[in-house]
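Listing of entry_8.txt, compact mmCIF, C-alpha atoms
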```txt
# COMPACT_ATOMS: atom_id res chain seq x y z
CA MET A 1 123.90 -158.54 26.80
CA LYS A 2 124.77 -155.85 24.26
CA VAL A 3 121.73 -154.28 22.61
CA THR A 4 121.70 -151.56 19.97
CA CYS A 5 119.01 -149.58 18.16
CA SER A 6 118.98 -152.16 15.37
CA HIS A 7 117.70 -154.81 17.80
CA ARG A 8 114.74 -152.73 18.88
CA ASP A 9 112.09 -153.99 16.42
CA ARG A 10 113.00 -157.62 16.98
CA ILE A 11 112.74 -157.16 20.76
CA PHE A 12 109.40 -155.38 20.33
CA GLU A 13 108.19 -158.37 18.33
CA ASP A 14 109.52 -161.25 20.37
CA GLY A 15 111.95 -160.13 23.06
CA THR A 16 112.73 -162.10 26.19
CA PRO A 17 112.59 -160.37 29.58
CA ALA A 18 116.39 -160.18 29.56
CA GLU A 19 116.41 -158.55 26.14
CA TRP A 20 113.80 -156.03 27.24
CA ALA A 21 115.91 -155.18 30.27
CA ALA A 22 118.95 -154.72 28.04
CA LEU A 23 116.99 -152.53 25.64
CA GLU A 24 115.79 -150.34 28.50
CA ALA A 25 119.35 -150.05 29.79
CA HIS A 26 120.42 -148.99 26.30
CA ALA A 27 117.53 -146.48 26.16
CA VAL A 28 118.96 -144.60 29.14
CA SER A 29 121.68 -143.27 26.84
CA CYS A 30 119.62 -143.31 23.60
CA PRO A 31 116.74 -140.78 23.46
CA LEU A 32 115.37 -142.23 20.20
CA CYS A 33 115.01 -145.74 21.69
CA ALA A 34 113.61 -144.26 24.91
CA GLU A 35 110.89 -142.47 22.92
CA GLU A 36 110.17 -145.58 20.83
CA ILE A 37 109.81 -147.74 23.94
CA ARG A 38 107.56 -145.21 25.59
CA ALA A 39 105.33 -144.94 22.50
CA TRP A 40 105.23 -148.71 22.07
CA GLN A 41 104.22 -149.26 25.66
CA SER A 42 101.61 -146.53 25.56
CA LEU A 43 99.72 -148.51 22.93
CA SER A 44 99.39 -151.38 25.39
CA VAL A 45 98.22 -149.00 28.09
CA ALA A 46 95.76 -147.39 25.70
CA ALA A 47 94.39 -150.82 24.76
CA LYS A 48 93.18 -151.23 28.32
CA GLN A 49 90.73 -148.42 27.61
CA LEU A 50 88.86 -150.85 25.41
CA ARG A 51 88.37 -153.21 28.30
CA ASP A 52 85.10 -153.29 30.17
CA ASP A 53 84.46 -156.20 32.49
CA SER A 54 81.18 -154.84 33.79
CA ASP A 55 78.24 -157.11 33.15
CA GLY A 56 74.55 -156.41 32.75
CA PRO A 57 72.49 -158.17 35.45
CA SER A 58 69.96 -159.58 33.00
CA PHE A 59 72.37 -161.11 30.55
CA TRP A 60 72.94 -164.56 32.09
CA PRO A 61 69.19 -165.20 32.60
CA ARG A 62 68.71 -164.41 28.93
CA ILE A 63 71.36 -166.93 27.88
CA GLU A 64 70.06 -169.47 30.36
CA ARG A 65 66.55 -169.15 28.91
CA ALA A 66 67.87 -169.61 25.35
CA LEU A 67 69.89 -172.67 26.39
CA THR A 68 66.90 -174.19 28.19
CA GLU A 69 64.62 -173.63 25.21
CA GLU A 70 67.20 -175.15 22.88
CA ALA A 71 67.59 -178.17 25.17
CA ALA A 72 63.81 -178.60 25.29
CA ARG A 73 63.61 -178.47 21.49
CA ASN A 74 66.36 -181.08 21.24
CA ALA A 75 64.57 -183.32 23.73
CA LYS A 76 61.36 -182.99 21.71
CA ARG A 77 63.18 -183.93 18.53
CA ALA A 78 64.77 -186.90 20.26
CA GLY A 79 61.32 -187.91 21.54
CA ARG A 80 59.93 -187.82 18.01
CA ARG A 81 62.78 -189.98 16.80
CA SER A 82 62.09 -192.53 19.53
CA TRP A 83 58.40 -192.51 18.56
CA PHE A 84 59.38 -193.56 15.04
CA SER A 85 61.59 -196.28 16.45
CA PHE A 86 58.38 -197.77 17.85
CA PHE A 87 57.50 -199.19 14.42
CA PRO A 88 60.05 -202.02 14.24
CA SER A 89 58.72 -203.39 17.50
CA LEU A 90 55.24 -203.85 16.07
CA SER A 91 54.01 -207.40 15.70
CA PRO A 92 54.52 -208.99 12.23
CA VAL A 93 50.72 -209.07 11.80
CA TRP A 94 50.56 -205.30 11.24
CA PRO A 95 52.54 -205.14 7.96
CA THR A 96 50.22 -207.84 6.57
CA VAL A 97 47.15 -205.87 7.62
CA LEU A 98 48.55 -202.65 6.10
CA ALA A 99 49.46 -204.43 2.84
CA GLY A 100 45.94 -205.91 2.66
CA ALA A 101 44.38 -202.48 3.19
CA PHE A 102 46.61 -201.00 0.47
CA VAL A 103 45.56 -203.73 -2.01
CA LEU A 104 41.90 -203.09 -1.16
CA VAL A 105 42.28 -199.32 -1.82
CA LEU A 106 44.01 -200.05 -5.13
CA ALA A 107 41.25 -202.45 -6.16
CA ILE A 108 38.53 -199.89 -5.37
CA PHE A 109 40.38 -197.15 -7.27
CA GLY A 110 41.00 -199.47 -10.26
CA GLY A 111 37.30 -200.45 -10.35
CA TRP A 112 36.28 -196.77 -10.27
CA VAL A 113 38.58 -195.95 -13.19
CA ILE A 114 37.12 -198.86 -15.23
CA VAL A 115 33.56 -197.78 -14.49
CA HIS A 116 34.25 -194.09 -15.27
CA PRO A 117 36.65 -194.04 -18.23
CA GLN A 118 37.93 -190.59 -19.26
CA ALA A 119 39.63 -189.39 -22.42
CA PRO A 120 43.27 -188.53 -21.72
CA ARG A 121 43.71 -184.80 -21.26
CA ARG A 122 46.11 -183.21 -23.73
CA PRO A 123 48.04 -180.18 -22.68
CA GLY A 124 46.95 -177.03 -24.50
CA LYS A 125 49.31 -174.75 -26.32
CA ASP A 126 48.94 -172.17 -23.56
CA ASP A 127 50.04 -174.61 -20.87
CA LYS A 128 53.38 -173.12 -19.81
CA SER A 129 53.96 -175.71 -17.12
CA LEU A 130 55.15 -178.21 -19.76
CA LEU A 131 58.27 -177.73 -21.83
CA GLU A 132 58.38 -178.52 -25.53
CA SER A 133 61.12 -180.83 -26.76
CA SER A 134 63.42 -178.14 -28.23
CA ALA A 135 63.10 -175.99 -25.11
CA LEU A 136 63.60 -179.08 -22.99
CA LYS A 137 66.89 -179.88 -24.73
CA GLU A 138 68.09 -176.34 -24.20
CA VAL A 139 67.11 -176.44 -20.52
CA GLU A 140 68.92 -179.74 -20.06
CA ARG A 141 72.03 -178.41 -21.78
CA ALA A 142 72.11 -175.31 -19.61
CA GLU A 143 71.40 -177.37 -16.51
CA THR A 144 74.33 -179.70 -17.25
CA ALA A 145 76.69 -176.76 -17.77
CA TYR A 146 75.49 -175.09 -14.54
CA GLU A 147 75.85 -178.33 -12.62
CA ARG A 148 79.39 -178.76 -13.93
CA ALA A 149 80.28 -175.22 -12.85
CA ILE A 150 78.91 -175.84 -9.35
CA ASP A 151 80.86 -179.13 -9.17
CA GLY A 152 83.98 -177.08 -9.89
CA LEU A 153 83.08 -174.76 -7.04
CA ALA A 154 82.40 -177.73 -4.77
CA ALA A 155 85.84 -179.19 -5.60
CA GLU A 156 87.46 -175.98 -4.30
CA THR A 157 85.67 -176.23 -0.97
CA LYS A 158 86.18 -179.99 -0.58
CA PRO A 159 89.29 -179.85 1.66
CA GLN A 160 87.54 -177.53 4.12
CA LEU A 161 84.29 -179.44 4.18
CA GLU A 162 85.87 -182.86 4.58
CA ASN A 163 87.35 -181.84 7.91
CA PRO A 164 85.34 -178.84 9.05
CA ALA A 165 87.52 -176.84 11.42
CA THR A 166 84.73 -174.71 12.83
CA PRO A 167 81.09 -175.29 13.76
CA LEU A 168 80.16 -172.85 11.01
CA LEU A 169 81.83 -175.05 8.40
CA ALA A 170 80.17 -178.12 9.93
CA ASN A 171 76.81 -176.36 9.49
CA TYR A 172 77.60 -175.58 5.88
CA GLN A 173 78.59 -179.19 5.33
CA GLU A 174 75.24 -180.37 6.74
CA LYS A 175 73.33 -177.85 4.67
CA LEU A 176 75.13 -179.01 1.51
CA LEU A 177 74.27 -182.63 2.29
CA VAL A 178 70.60 -181.68 2.63
CA LEU A 179 70.74 -179.69 -0.61
CA ASP A 180 72.42 -182.56 -2.47
CA SER A 181 69.76 -184.92 -1.26
CA ALA A 182 66.98 -182.54 -2.35
CA ILE A 183 68.68 -182.06 -5.74
CA ALA A 184 68.92 -185.83 -6.20
CA ASP A 185 65.19 -186.19 -5.40
CA LEU A 186 64.20 -183.43 -7.79
CA ARG A 187 66.43 -184.83 -10.52
CA ALA A 188 64.80 -188.23 -10.10
CA GLN A 189 61.35 -186.61 -10.40
CA ALA A 190 62.46 -184.54 -13.37
CA GLY A 191 63.77 -187.73 -14.98
CA MET A 192 60.31 -189.26 -14.72
CA ASN A 193 58.58 -186.10 -15.87
CA PRO A 194 61.13 -184.20 -17.98
CA SER A 195 58.66 -181.66 -19.43
CA ASN A 196 57.51 -180.31 -16.08
CA ALA A 197 58.75 -176.73 -15.92
CA GLN A 198 57.89 -176.37 -12.22
CA LEU A 199 60.28 -179.17 -11.32
CA ARG A 200 62.99 -177.47 -13.37
CA TYR A 201 62.43 -174.20 -11.52
CA GLN A 202 62.67 -175.98 -8.19
CA LEU A 203 65.84 -177.71 -9.31
CA LEU A 204 67.31 -174.37 -10.40
CA ALA A 205 66.46 -172.84 -7.01
CA MET A 206 68.24 -175.71 -5.25
CA TYR A 207 71.33 -175.29 -7.44
CA GLN A 208 71.37 -171.58 -6.73
CA GLU A 209 71.15 -172.21 -3.00
CA LYS A 210 74.01 -174.69 -3.28
CA GLN A 211 76.05 -172.16 -5.22
CA HIS A 212 75.48 -169.48 -2.56
CA THR A 213 76.37 -171.89 0.22
CA LEU A 214 79.60 -172.89 -1.53
CA GLU A 215 80.42 -169.22 -2.02
CA ASP A 216 79.87 -168.66 1.70
CA VAL A 217 82.27 -171.52 2.46
CA LEU A 218 84.89 -169.97 0.19
CA GLU A 219 84.32 -166.61 1.83
CA ALA A 220 84.78 -168.20 5.25
CA LYS A 221 88.05 -169.71 3.99
CA GLN A 222 89.35 -166.34 2.83
CA GLN A 223 88.50 -164.77 6.17
CA MET B 1 108.81 -144.83 12.79
CA GLY B 2 106.32 -142.07 13.25
CA THR B 3 105.95 -139.39 15.84
CA MET B 4 103.23 -141.01 17.82
CA GLY B 5 104.44 -139.65 21.10
CA LEU B 6 103.42 -136.17 20.01
CA ALA B 7 100.19 -137.16 18.33
CA LEU B 8 98.72 -139.40 20.98
CA PRO B 9 95.83 -137.75 22.78
CA TRP B 10 96.54 -139.80 25.88
CA LYS B 11 100.19 -138.85 26.11
CA ALA B 12 99.70 -137.03 29.35
CA ARG B 13 97.95 -139.98 30.91
CA ILE B 14 100.72 -142.50 30.42
CA SER B 15 103.74 -142.90 32.59
CA SER B 16 106.93 -142.74 30.57
CA THR B 17 108.71 -145.79 31.89
CA SER B 18 106.30 -148.37 33.19
CA ARG B 19 107.31 -151.54 31.41
CA GLU B 20 105.22 -153.71 33.70
CA ARG B 21 102.13 -151.79 32.72
CA GLY B 22 102.93 -151.37 29.08
CA THR B 23 104.63 -154.44 27.76
CA ARG B 24 103.73 -157.97 28.57
CA VAL B 25 106.53 -160.45 28.07
CA GLU B 26 105.58 -164.08 28.33
CA PRO B 27 108.39 -165.84 30.18
CA SER B 28 106.81 -169.27 29.80
CA GLU B 29 107.17 -168.96 26.05
CA HIS B 30 110.89 -168.52 26.36
CA LEU B 31 111.67 -171.09 28.96
CA ALA B 32 112.30 -174.72 28.21
CA GLY B 33 110.61 -177.48 30.16
CA GLY B 34 107.15 -178.91 30.59
CA PRO B 35 104.01 -177.22 31.83
CA ASP B 36 103.93 -176.10 35.45
CA GLN B 37 101.38 -177.11 38.09
CA ALA B 38 99.14 -174.10 37.42
CA THR B 39 98.98 -174.96 33.72
CA MET B 40 98.15 -178.58 34.51
CA ASP B 41 95.38 -177.45 36.89
CA ALA B 42 93.99 -175.10 34.27
CA ARG B 43 93.96 -177.90 31.71
CA SER B 44 92.14 -180.30 33.97
CA ALA B 45 89.61 -177.61 34.93
CA ASP B 46 89.10 -176.90 31.24
CA ALA B 47 88.53 -180.59 30.48
CA ALA B 48 86.14 -180.93 33.43
CA LEU B 49 84.15 -177.91 32.25
CA ALA B 50 83.95 -179.37 28.74
CA ALA B 51 82.75 -182.70 30.11
CA ALA B 52 80.10 -181.03 32.28
CA CYS B 53 78.85 -178.96 29.33
CA ARG B 54 78.77 -182.09 27.17
CA SER B 55 76.58 -183.80 29.76
CA GLY B 56 74.09 -180.92 29.41
CA ASP B 57 74.71 -179.50 32.89
CA LEU B 58 73.31 -175.97 32.78
CA GLY B 59 75.37 -175.12 35.87
CA ALA B 60 78.52 -175.74 33.82
CA TYR B 61 77.37 -173.20 31.25
CA GLU B 62 76.77 -170.74 34.07
CA ARG B 63 80.30 -171.35 35.39
CA LEU B 64 81.59 -170.77 31.89
CA TYR B 65 79.63 -167.54 31.75
CA LEU B 66 80.84 -166.38 35.15
CA THR B 67 84.45 -167.01 34.17
CA HIS B 68 84.41 -165.77 30.60
CA GLY B 69 81.09 -164.01 29.95
CA ALA B 70 82.29 -160.47 30.53
CA ARG B 71 85.46 -161.00 28.53
CA MET B 72 83.50 -162.62 25.69
CA LYS B 73 81.08 -159.71 25.64
CA ASN B 74 83.90 -157.19 25.70
CA LEU B 75 85.68 -158.89 22.80
CA ALA B 76 82.44 -159.13 20.80
CA SER B 77 81.71 -155.51 21.56
CA ASN B 78 85.10 -154.44 20.26
CA ILE B 79 84.66 -156.47 17.08
CA LEU B 80 81.05 -155.49 16.43
CA GLY B 81 81.15 -151.94 17.70
CA ASN B 82 78.19 -152.00 20.07
CA PRO B 83 77.16 -153.87 23.23
CA SER B 84 73.74 -154.89 21.96
CA ASP B 85 75.09 -156.85 18.98
CA ALA B 86 77.79 -158.18 21.29
CA GLU B 87 75.19 -159.69 23.64
CA ASP B 88 73.46 -161.35 20.68
CA ALA B 89 76.79 -162.78 19.51
CA VAL B 90 77.65 -164.12 22.98
CA GLN B 91 74.23 -165.72 23.33
CA GLU B 92 74.55 -167.26 19.87
CA THR B 93 77.99 -168.57 20.84
CA PHE B 94 76.57 -170.32 23.91
CA LEU B 95 73.88 -171.91 21.74
CA LYS B 96 76.46 -173.03 19.18
CA VAL B 97 78.57 -174.52 21.95
CA GLN B 98 75.54 -176.42 23.24
CA ARG B 99 74.69 -177.65 19.73
CA SER B 100 78.16 -178.79 18.78
CA ILE B 101 79.72 -179.79 22.09
CA ALA B 102 79.40 -183.43 21.02
CA SER B 103 81.78 -182.75 18.16
CA PHE B 104 84.42 -181.12 20.41
CA ARG B 105 87.34 -183.57 20.36
CA GLY B 106 89.60 -181.77 22.79
CA GLN B 107 92.28 -181.06 20.18
CA SER B 108 92.47 -177.52 21.51
CA SER B 109 91.46 -176.23 24.91
CA PHE B 110 87.72 -175.90 25.47
CA VAL B 111 87.97 -172.18 26.18
CA THR B 112 90.08 -171.61 23.06
CA TRP B 113 87.44 -173.46 21.06
CA ILE B 114 84.69 -171.27 22.51
CA TYR B 115 86.51 -168.04 21.68
CA ARG B 116 87.08 -169.33 18.15
CA ILE B 117 83.31 -169.83 17.83
CA LEU B 118 82.70 -166.38 19.29
CA ILE B 119 85.06 -164.68 16.84
CA ASN B 120 83.49 -166.50 13.88
CA THR B 121 80.02 -165.61 15.15
CA CYS B 122 80.99 -161.95 15.41
CA TYR B 123 82.28 -161.88 11.85
CA ASP B 124 79.17 -163.71 10.63
CA ALA B 125 77.12 -161.00 12.32
CA ARG B 126 79.21 -158.28 10.69
CA ARG B 127 78.78 -159.89 7.28
CA SER B 128 75.07 -160.33 7.79
CA ARG B 129 74.80 -156.69 8.86
CA LEU B 130 76.58 -155.67 5.67
CA ARG B 131 74.34 -157.86 3.55
CA LYS B 132 71.19 -156.42 5.02
CA LYS B 133 72.61 -152.97 4.41
CA GLU B 134 71.55 -152.03 7.89
CA ILE B 135 74.69 -150.01 8.14
CA ALA B 136 74.06 -148.03 4.96
CA ASN B 137 73.21 -144.96 6.96
CA ASP B 138 75.15 -145.98 9.98
CA ASP B 139 78.88 -145.42 10.13
CA SER B 140 79.33 -147.99 12.88
CA LEU B 141 81.80 -150.03 10.82
CA GLU B 142 83.99 -147.06 10.11
CA THR B 143 83.50 -145.46 13.46
CA PRO B 144 82.03 -147.78 16.08
CA ARG B 145 79.30 -146.15 18.11
CA LEU B 146 80.44 -144.84 21.43
CA GLU B 147 78.25 -146.24 24.13
CA PRO B 148 78.88 -146.12 27.84
CA ARG B 149 81.53 -148.62 28.80
CA ALA B 150 84.19 -148.83 31.43
CA PRO B 151 83.67 -146.11 33.95
CA GLY B 152 86.65 -143.82 33.81
CA ALA B 153 87.56 -144.79 30.25
CA HIS B 154 88.84 -141.81 28.31
CA PRO B 155 86.32 -141.28 25.48
CA THR B 156 88.67 -139.47 23.10
CA LEU B 157 91.37 -142.03 23.54
CA ARG B 158 88.97 -144.93 23.11
CA MET B 159 87.40 -143.38 20.04
CA ALA B 160 90.76 -142.75 18.42
CA LEU B 161 91.88 -146.28 19.10
CA GLU B 162 88.60 -147.81 17.91
CA ARG B 163 88.78 -145.87 14.65
CA ALA B 164 92.38 -146.89 14.11
CA LEU B 165 91.56 -150.54 14.88
CA GLU B 166 88.89 -150.57 12.18
CA LYS B 167 91.59 -149.73 9.63
CA LEU B 168 93.71 -152.75 10.52
CA THR B 169 93.33 -156.09 8.77
CA ARG B 170 90.98 -158.55 10.46
CA HIS B 171 93.83 -160.67 11.81
CA GLN B 172 95.77 -157.68 13.11
CA ARG B 173 92.66 -156.36 14.86
CA ASP B 174 91.82 -159.76 16.34
CA VAL B 175 95.33 -160.38 17.63
CA PHE B 176 95.59 -156.88 19.10
CA LEU B 177 92.23 -157.18 20.85
CA LEU B 178 92.94 -160.67 22.17
CA TYR B 179 96.47 -159.90 23.38
CA GLU B 180 96.45 -156.30 24.47
CA VAL B 181 92.83 -155.87 25.53
CA GLU B 182 91.75 -159.30 26.69
CA GLY B 183 95.14 -160.43 27.95
CA PHE B 184 95.40 -163.80 26.20
CA ARG B 185 98.79 -165.37 25.59
CA HIS B 186 100.12 -165.90 22.06
CA ALA B 187 99.76 -169.67 22.48
CA GLU B 188 96.04 -169.22 23.21
CA ILE B 189 95.56 -166.72 20.39
CA ALA B 190 97.28 -169.11 17.99
CA GLY B 191 94.68 -171.75 18.89
CA MET B 192 91.77 -169.34 18.54
CA LEU B 193 92.80 -167.90 15.20
CA GLU B 194 94.32 -171.10 13.83
CA MET B 195 97.77 -169.66 13.28
CA THR B 196 101.20 -170.31 14.75
CA GLU B 197 102.49 -168.53 17.84
CA THR B 198 105.17 -166.89 15.74
CA ALA B 199 102.53 -165.62 13.34
CA SER B 200 100.54 -164.27 16.28
CA LYS B 201 103.59 -162.37 17.58
CA ASN B 202 104.39 -161.03 14.15
CA THR B 203 100.78 -160.00 13.53
CA LEU B 204 100.70 -158.13 16.85
CA PHE B 205 103.95 -156.37 15.95
CA GLN B 206 102.53 -155.32 12.56
CA ALA B 207 99.27 -154.22 14.20
CA LYS B 208 101.06 -152.03 16.72
CA LYS B 209 103.33 -150.60 14.06
CA ASN B 210 100.31 -149.66 11.95
CA LEU B 211 98.50 -148.21 14.95
CA ARG B 212 101.53 -146.12 15.77
CA GLN B 213 101.52 -144.67 12.28
CA MET B 214 97.78 -143.97 12.41
CA LEU B 215 97.80 -142.41 15.84
```

Rendering of file as structure tokens:
Amino acid sequence: MKVTCSHRDRIFEDGTPAEWAALEAHAVSCPLCAEEIRAWQSLSVAAKQLRDDSDGPSFWPRIERALTEEAARNAKRAGRRSWFSFFPSLSPVWPTVLAGAFVLVLAIFGGWVIVHPQAPRRPGKDDKSLLESSALKEVERAETAYERAIDGLAAETKPQLENPATPLLANYQEKLLVLDSAIADLRAQAGMNPSNAQLRYQLLAMYQEKQHTLEDVLEAKQQ
Amino acid sequence: MGTMGLALPWKARISSTSRERGTRVEPSEHLAGGPDQATMDARSADAALAAACRSGDLGAYERLYLTHGARMKNLASNILGNPSDAEDAVQETFLKVQRSIASFRGQSSFVTWIYRILINTCYDARRSRLRKKEIANDDSLETPRLEPRAPGAHPTLRMALERALEKLTRHQRDVFLLYEVEGFRHAEIAGMLEMTETASKNTLFQAKKNLRQML
């Protein structure tokens, strides 16, 4: 095999054992290649300086403890889930009893309201927890625009989140599902009570969290 | 090409012609034919370890630790710059493996999958460290702290190399650490870093070229 100086970089990158042998044979009569080979190999030797296979004696027990605690937490969670699954096995009499009790409580509460009528409380001008109609429209406009922008961001991360390649992405996907569910709940509540500023703040906080999470996903993609 | 031979502080420590020591060629990557018996054994051991971990066998996690713990900690230490953060990252990796083992489909090898988690965990830790600005007064990212490591390791050489590594791109640094320091094959690195084998080889070449210029 005939090797010249021009082959050197390719052999450094992806040379076969035979090509390396040929390059070394060529280096015997080529001082430049001999120096390049020596320098190239010295990097590999130097890299071994970064290797340390020694192990602290207390490290495995620490991991073992963390794994055991995590397993115990999981078992507890699973236990709680199985406790909830106890409900469907209850006898059909129980739902009837519960419904009867609920009707009774409603009847008592209704009777109390009839006996003690109260004038409806009007919100004062200083009550900042309610939004006025013009402010409400502005909030809703801004909210729609913000939501649209976040949807755009979500569209960019969709391919990664549909098939999460790493556990980190799977975690982000789960977090986003939880956030979407919370946003849907808050939106439903805000729909029933559109003037409630507190609900709007909570909704905004959820959108911001979603935005940050989507940004993290994009950052993970770029890495 | 630069004049690294003159600039290297470890010049005197390195033999001038030891190819076996200096350059690792991977014959299996150049030969045609199926996997050999050793590869088959390794694969079945890998699958058995994954199955045991999936079943919640703590002993399997200990076997995993005994086989890979030191190497995982070393890799994390080289990425994060100090052994304490490295231990946290390795512990977090074990917990992540335990949490998501059910979702491991066996598309890559179990060990490859674990190292992928470890590398991502290390970079999450680095990002989180940056966010908290804990390193504002600490130059650990630019110049990783020098803490006692391998006995006999040459401190000047290690420091020079660590500083140079920090100036590489993330992929170049990862490939260099995985191949040259930890001794993984390009096929394994490709699985860990989700790139092709050719890309892994090329990235290593670029990394070494850049290191040569820096050193």

Taking all atoms listed in the file into account and nothing else, which residues of chain A lie no more than 7 Å away from chain B? Please answer as a PyMOL selection string.
chain A and resi 13-14+16-17+38-39+41-42+44-45+47-55+63+67+167

For Asn210 of chain B, the nearest of the candidates A:Pro194, A:Asn171, A:Leu43, A:Ala135, counting all atoms listed in the file
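Closest to Asn210 of chain B of all the choices is A:Leu43.
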
One number please: atom CA of Gln107 of chain B to atom CA of Lys175 of chain A, in Å, one decimal.
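Atom-to-atom, atom CA of Gln107 of chain B to atom CA of Lys175 of chain A, that is 24.7 Å.
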
Using all atoms listed in the file and a cutoff of 10 Å, can you tell me which residues are near (99.5, -169.6, 22.8) in the file's coordinates, and write them out as number ranges by chain?
B: 26, 29, 112, 184-192, 195-198, 200-201

File of the preceding selection, C-alpha atoms, as a CSV table (one decimal), in the frame of the given file:
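Contents of out-v1.csv, freshly written:
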```
chain,number,residue,atom,x,y,z
B,26,GLU,CA,105.6,-164.1,28.3
B,29,GLU,CA,107.2,-169.0,26.0
B,112,THR,CA,90.1,-171.6,23.1
B,184,PHE,CA,95.4,-163.8,26.2
B,185,ARG,CA,98.8,-165.4,25.6
B,186,HIS,CA,100.1,-165.9,22.1
B,187,ALA,CA,99.8,-169.7,22.5
B,188,GLU,CA,96.0,-169.2,23.2
B,189,ILE,CA,95.6,-166.7,20.4
B,190,ALA,CA,97.3,-169.1,18.0
B,191,GLY,CA,94.7,-171.8,18.9
B,192,MET,CA,91.8,-169.3,18.5
B,195,MET,CA,97.8,-169.7,13.3
B,196,THR,CA,101.2,-170.3,14.8
B,197,GLU,CA,102.5,-168.5,17.8
B,198,THR,CA,105.2,-166.9,15.7
B,200,SER,CA,100.5,-164.3,16.3
B,201,LYS,CA,103.6,-162.4,17.6
```

Which neighbours of Asp151 of chain A fall inside 12 Å, counting all atoms listed in the file, when residues of the same chain fewer than 5 positions from it are skipped, and could you give them as a ChimeraX atom specification?
/A:144-146,156-158,180,207,210-211,214

For a test of reading the model, state the distance in Å between atom CA of Glu64 of chain A and atom CA of Lys132 of chain B, rounded to one decimal.
28.5 Å

Å distance separating atom CA of Ala102 of chain B from atom CA of Arg62 of chain A, one decimal place
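Atom CA of Arg62 of chain A lies at a distance of 23.2 Å from atom CA of Ala102 of chain B.
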
With only C-alpha atoms as the atoms that count, which of B:Ala86, B:Ile79, B:Val111, B:Leu178 lies nearest to Ala48 of chain B?
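For Ala48 of chain B, the nearest of the given residues is B:Val111.
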
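Distances here use all atoms listed in the file; by that measure, the residue among A:Val28, A:Leu203, A:Ala66, A:Leu23 closest to Ala188 of chain A is A:Leu203.
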
Top pick for closest residue to Arg126 of chain B, considering B:Thr156, B:Asn82, B:Ser44, B:Ser108 and counting all atoms listed in the file
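Among B:Thr156, B:Asn82, B:Ser44, B:Ser108, it is B:Asn82 that comes nearest to Arg126 of chain B.
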
Using the partial input, fill out segment 134-147 of chain A with N, CA and C atoms; write the result as a JSON list (two decimals), in the frame of the given file.
```
[["chain", "number", "residue", "atom", "x", "y", "z"],
["A", 134, "SER", "N", 62.23, -178.95, -27.92],
["A", 134, "SER", "CA", 63.42, -178.14, -28.23],
["A", 134, "SER", "C", 63.83, -177.32, -26.99],
["A", 135, "ALA", "N", 62.82, -176.76, -26.34],
["A", 135, "ALA", "CA", 63.10, -175.99, -25.11],
["A", 135, "ALA", "C", 63.67, -176.89, -24.05],
["A", 136, "LEU", "N", 63.14, -178.11, -23.99],
["A", 136, "LEU", "CA", 63.60, -179.08, -22.99],
["A", 136, "LEU", "C", 65.09, -179.39, -23.18],
["A", 137, "LYS", "N", 65.47, -179.58, -24.46],
["A", 137, "LYS", "CA", 66.89, -179.88, -24.73],
["A", 137, "LYS", "C", 67.78, -178.72, -24.29],
["A", 138, "GLU", "N", 67.30, -177.52, -24.56],
["A", 138, "GLU", "CA", 68.09, -176.34, -24.20],
["A", 138, "GLU", "C", 68.23, -176.23, -22.68],
["A", 139, "VAL", "N", 67.10, -176.49, -21.99],
["A", 139, "VAL", "CA", 67.11, -176.44, -20.52],
["A", 139, "VAL", "C", 68.09, -177.47, -19.98],
["A", 140, "GLU", "N", 68.04, -178.67, -20.56],
["A", 140, "GLU", "CA", 68.92, -179.74, -20.06],
["A", 140, "GLU", "C", 70.38, -179.42, -20.31],
["A", 141, "ARG", "N", 70.64, -178.79, -21.47],
["A", 141, "ARG", "CA", 72.03, -178.41, -21.78],
["A", 141, "ARG", "C", 72.54, -177.38, -20.77],
["A", 142, "ALA", "N", 71.72, -176.37, -20.55],
["A", 142, "ALA", "CA", 72.11, -175.31, -19.61],
["A", 142, "ALA", "C", 72.27, -175.86, -18.19],
["A", 143, "GLU", "N", 71.37, -176.77, -17.85],
["A", 143, "GLU", "CA", 71.40, -177.37, -16.51],
["A", 143, "GLU", "C", 72.70, -178.15, -16.30],
["A", 144, "THR", "N", 73.09, -178.91, -17.34],
["A", 144, "THR", "CA", 74.33, -179.70, -17.25],
["A", 144, "THR", "C", 75.54, -178.78, -17.07],
["A", 145, "ALA", "N", 75.55, -177.69, -17.86],
["A", 145, "ALA", "CA", 76.69, -176.76, -17.77],
["A", 145, "ALA", "C", 76.74, -176.11, -16.39],
["A", 146, "TYR", "N", 75.57, -175.73, -15.86],
["A", 146, "TYR", "CA", 75.49, -175.09, -14.54],
["A", 146, "TYR", "C", 75.95, -176.06, -13.46],
["A", 147, "GLU", "N", 75.49, -177.30, -13.60],
["A", 147, "GLU", "CA", 75.85, -178.33, -12.62],
["A", 147, "GLU", "C", 77.36, -178.55, -12.61]]
```
